[in-house]
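Chemist: Structure provided below as structure tokens; questions to follow.
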Amino acid sequence: MKIKKLSLAVLATVAASQAAAAQVYDETSLRVAIEAANFDSSIEKIVFKKNALIELSAPVIYTGSQSLKLVGKGAIIDGSNAGSFTLDDDLTAVTEDGTLVFNTAGDITIRNLTVANSATRGVVINIPEHAEGDDTQIKLRNVNIIDSALFGLHIDDNADEFDDGTTGSDIGIDLKITHSNFIGNGTSAIDFDGVRVDERGEGDINALITHTHIDGNGGDGIELDEAGHGDVEATMINVSINNNGFYNEEDLDDGFDIDEADDGDIDVKLIRVSANHNMDEGLDFDEAGNGDIELKLRHVEANNNSDEGIKADEEDAGDIDVKFSHTNITANGDDGIQLTELGQGEIEGSLKNITAKDNSKYGIKAGQWIVEDEAAPMEPAGELKIKKVSLSGNGKGDDIKTNNVTLK
Ligand SMILES: [Ca+2]
Ligand SMILES: [Ca+2]
Ligand SMILES: [Ca+2]
Ligand SMILES: [Ca+2]
């Protein structure tokens, strides 16, 4: 890169002019702006020229520690030639590349920007292993990340290169996305999602996603993966999560996948969300270690998914607490709704105005056990309040299937 040959004095001059007025309009001006911010922590904003089309020849990498805002003004960054990946022996893609890479615990805000056709990942935020203090805040508004070969958006707090293990920073991840699209990502290797958050060590994932489409991605539409101490808290309002999970025919993927391990809860609120035509589950929430699953769904549909429409598995100490209303679960390839609670704890909550029809197995199944399939209940029964629940055409009959859960 030419920029490396520039002297610091020149960079300082460039930085000053960038900070003043210059707008980013091509690869060179984007690199100059990012390099300037890497050297000068007073630069907190990079403004693009309206509707600029920027074709990159390599990843652009931010390494500053300050918060940074990209004001895209409708610019499109084409990442077709921004980096590469290799496949190892088990066909796992290996790369550190992405079209836009942010190696920082500083807050990142992106507005009105499209990142398209990335040769590897679209937008990557790597949280340094030794980050401490406030959670990192990532805000996307009017951002489109489309047709990335691997992940669309990847927020990575896992210190392990291959995302194994539980080592990560002491901070958590606060993600706010609105009026954005994550479409057609993850179509060149196994297990790459439209949106992936890997949170390890201390800290929560706190995600608020509104007015957004997460559709047609090869891996999961969105996966929130949290281990170590901490919760996954996710709210979605007016979000579609459709047609995801088709890339790996040996192990198809979900619409919305949460994996929570060790201490901490899964706490999800979905309002006006569709999770349809995904190749594994529509919603797939797995909680392990201490902690509960709390699900509040209103005006949700999970139809035509290849496995369950909505599946929640809670293990070890902790409850499943549900409050579902005005929710439609039709024509899924397994149970429509499947709630499984294991270890200490119970299933509680209410199902109101639910339609579950034409699912291959049960319309609704709720089972509570200390150890799955124990011969007789070993703990007090759970309780679900049922009102205006309509089941029809389900493959295993139209009663709610329960184990040690009382219906009221
Ligand atoms: Ca962390
Ligand atoms: Ca946890
Ligand atoms: Ca837990
Ligand atoms: Ca439990």
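Following the order of the structure tokens, chains are lettered A, B, ..., residues in each are numbered from 1, and ligands are numbered from 1.
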Within 6 Å of ligand 4, counting only C-alpha atoms and all ligand atoms: which residues, as a VMD selection string?

Modeler: chain A and resid 314 to 319 341 to 345

Chemist: With a cut-off of 12 Å, could you pull out the residues of chain A touching ligand 1 and give me the nearest pair of atoms for each, distance in Å to one decimal, using only C-alpha atoms and all ligand atoms, ordered by chain and ascending number, as CSV?

Modeler:
```
residue,atom,partner,partner_atom_place_in_ligand_line,distance
A:Ala105,CA,ligand 1,1 (Ca),10.7
A:Asn126,CA,ligand 1,1 (Ca),11.3
A:Ile127,CA,ligand 1,1 (Ca),8.4
A:Pro128,CA,ligand 1,1 (Ca),9.6
A:Glu129,CA,ligand 1,1 (Ca),8.2
A:His130,CA,ligand 1,1 (Ca),9.5
A:Ala131,CA,ligand 1,1 (Ca),8.4
A:Glu132,CA,ligand 1,1 (Ca),8.9
A:Gly133,CA,ligand 1,1 (Ca),10.7
A:Asp134,CA,ligand 1,1 (Ca),10.7
A:Asp135,CA,ligand 1,1 (Ca),8.4
A:Thr136,CA,ligand 1,1 (Ca),9.6
A:Ile155,CA,ligand 1,1 (Ca),11.1
A:Asp156,CA,ligand 1,1 (Ca),9.4
A:Asp157,CA,ligand 1,1 (Ca),5.9
A:Asn158,CA,ligand 1,1 (Ca),7.8
A:Ala159,CA,ligand 1,1 (Ca),9.6
A:Thr166,CA,ligand 1,1 (Ca),9.3
A:Thr167,CA,ligand 1,1 (Ca),8.2
A:Gly168,CA,ligand 1,1 (Ca),5.0
A:Ser169,CA,ligand 1,1 (Ca),4.1
A:Asp170,CA,ligand 1,1 (Ca),4.6
A:Ile171,CA,ligand 1,1 (Ca),4.3
A:Gly172,CA,ligand 1,1 (Ca),4.6
A:Ile173,CA,ligand 1,1 (Ca),7.3
A:Asp174,CA,ligand 1,1 (Ca),10.9
A:Val197,CA,ligand 1,1 (Ca),10.9
A:Asp198,CA,ligand 1,1 (Ca),8.8
A:Glu199,CA,ligand 1,1 (Ca),5.3
A:Arg200,CA,ligand 1,1 (Ca),4.5
A:Gly201,CA,ligand 1,1 (Ca),4.4
A:Glu202,CA,ligand 1,1 (Ca),4.5
A:Gly203,CA,ligand 1,1 (Ca),4.5
A:Asp204,CA,ligand 1,1 (Ca),7.0
A:Ile205,CA,ligand 1,1 (Ca),8.6
A:Asn206,CA,ligand 1,1 (Ca),11.7
A:Asp225,CA,ligand 1,1 (Ca),11.2
A:Glu226,CA,ligand 1,1 (Ca),8.6
A:Ala227,CA,ligand 1,1 (Ca),8.6
A:Gly228,CA,ligand 1,1 (Ca),8.1
A:His229,CA,ligand 1,1 (Ca),8.5
A:Gly230,CA,ligand 1,1 (Ca),8.3
A:Asp231,CA,ligand 1,1 (Ca),10.6
A:Val232,CA,ligand 1,1 (Ca),11.7
```

Chemist: Write a file of the just-selected residues containing C-alpha atoms, as a tab-separated table (two decimals), in the first residue's frame.

Modeler:
```tsv
chain	number	residue	atom	x	y	z
A	105	ALA	CA	-12.95	-1.93	21.57
A	126	ASN	CA	-12.49	-7.84	16.44
A	127	ILE	CA	-12.60	-6.97	20.12
A	128	PRO	CA	-9.10	-7.07	21.64
A	129	GLU	CA	-8.67	-9.85	24.18
A	130	HIS	CA	-7.52	-7.46	26.92
A	131	ALA	CA	-10.28	-4.87	26.39
A	132	GLU	CA	-11.84	-3.61	29.62
A	133	GLY	CA	-14.27	-0.94	30.73
A	134	ASP	CA	-17.57	-0.22	29.02
A	135	ASP	CA	-19.13	-2.66	26.58
A	136	THR	CA	-18.38	-1.98	22.96
A	155	ILE	CA	-18.42	-9.29	15.78
A	156	ASP	CA	-15.70	-11.40	17.35
A	157	ASP	CA	-14.85	-11.37	21.05
A	158	ASN	CA	-13.42	-14.89	20.92
A	159	ALA	CA	-9.67	-14.91	21.40
A	166	THR	CA	-14.15	-19.67	26.18
A	167	THR	CA	-11.40	-17.06	26.20
A	168	GLY	CA	-12.52	-13.53	25.45
A	169	SER	CA	-12.44	-10.00	26.74
A	170	ASP	CA	-13.91	-8.78	30.03
A	171	ILE	CA	-16.39	-6.58	28.13
A	172	GLY	CA	-19.67	-7.33	26.39
A	173	ILE	CA	-21.25	-6.35	23.11
A	174	ASP	CA	-24.05	-3.87	22.64
A	197	VAL	CA	-21.70	-12.40	17.24
A	198	ASP	CA	-19.16	-14.44	19.24
A	199	GLU	CA	-18.97	-13.26	22.84
A	200	ARG	CA	-16.62	-14.92	25.35
A	201	GLY	CA	-15.28	-14.31	28.84
A	202	GLU	CA	-17.19	-11.78	30.93
A	203	GLY	CA	-19.96	-9.73	29.33
A	204	ASP	CA	-23.36	-9.98	27.68
A	205	ILE	CA	-24.62	-9.79	24.15
A	206	ASN	CA	-27.29	-7.12	24.05
A	225	ASP	CA	-23.05	-17.23	20.44
A	226	GLU	CA	-22.25	-16.47	24.07
A	227	ALA	CA	-20.11	-18.45	26.53
A	228	GLY	CA	-18.63	-17.68	29.92
A	229	HIS	CA	-20.40	-15.45	32.43
A	230	GLY	CA	-23.10	-13.35	30.77
A	231	ASP	CA	-26.48	-13.27	29.05
A	232	VAL	CA	-27.87	-13.02	25.56
```

Chemist: Could you go through stretch 11-94 of chain A and tell me which residues DSSP, when run on the backbone, assigns to helix (DSSP H, G or I), listing them as number ranges by chain?

Modeler: A: 11-20, 27-39

Chemist: Could the residues that lie within 6 Å of ligand 3, counting only C-alpha atoms and all ligand atoms, be listed as a PyMOL selection string?

Modeler: chain A and resi 260-265+287-291

Chemist: I need the residues from that last selection saved to file as a compact mmCIF listing (two decimals), in the first residue's frame (with C-alpha atoms), if you can.

Modeler:
```txt
# COMPACT_ATOMS: atom_id res chain seq x y z
CA GLU A 260 -25.72 -19.53 25.45
CA ALA A 261 -23.37 -21.42 27.79
CA ASP A 262 -22.22 -21.21 31.42
CA ASP A 263 -23.78 -18.64 33.82
CA GLY A 264 -26.39 -16.40 32.27
CA ASP A 265 -29.78 -16.27 30.58
CA GLU A 287 -29.28 -22.37 26.94
CA ALA A 288 -26.82 -24.31 29.14
CA GLY A 289 -25.30 -23.86 32.59
CA ASN A 290 -27.07 -21.74 35.18
CA GLY A 291 -29.75 -19.50 33.78
```

Chemist: DSSP on the backbone, strand (DSSP E or B) only: what residues of stretch 247-287 of chain A does that give? Format it as an mmCIF file with C-alpha atoms, in the first residue's frame.

Modeler:
```cif
data_model
loop_
_atom_site.group_PDB
_atom_site.id
_atom_site.type_symbol
_atom_site.label_atom_id
_atom_site.label_comp_id
_atom_site.auth_asym_id
_atom_site.auth_seq_id
_atom_site.Cartn_x
_atom_site.Cartn_y
_atom_site.Cartn_z
ATOM 1 C CA PHE A 256 -32.164 -17.166 14.294
ATOM 2 C CA ASP A 257 -29.785 -19.254 16.390
ATOM 3 C CA ILE A 258 -28.751 -18.501 19.965
ATOM 4 C CA ASP A 259 -26.217 -20.610 21.852
ATOM 5 C CA GLU A 260 -25.720 -19.534 25.448
ATOM 6 C CA ILE A 266 -31.334 -16.061 27.163
ATOM 7 C CA ASP A 267 -33.853 -13.230 27.149
ATOM 8 C CA VAL A 268 -35.601 -12.686 23.804
ATOM 9 C CA LYS A 269 -38.431 -10.382 22.803
ATOM 10 C CA LEU A 270 -39.758 -10.563 19.234
ATOM 11 C CA ILE A 271 -42.525 -8.345 17.875
ATOM 12 C CA ARG A 272 -43.666 -8.592 14.261
ATOM 13 C CA VAL A 273 -40.929 -11.006 13.285
ATOM 14 C CA SER A 274 -41.129 -13.626 10.539
ATOM 15 C CA LEU A 283 -35.873 -19.979 15.877
ATOM 16 C CA ASP A 284 -33.330 -22.197 17.678
ATOM 17 C CA PHE A 285 -32.430 -21.174 21.213
ATOM 18 C CA ASP A 286 -30.097 -23.304 23.362
ATOM 19 C CA GLU A 287 -29.285 -22.369 26.937
#
```
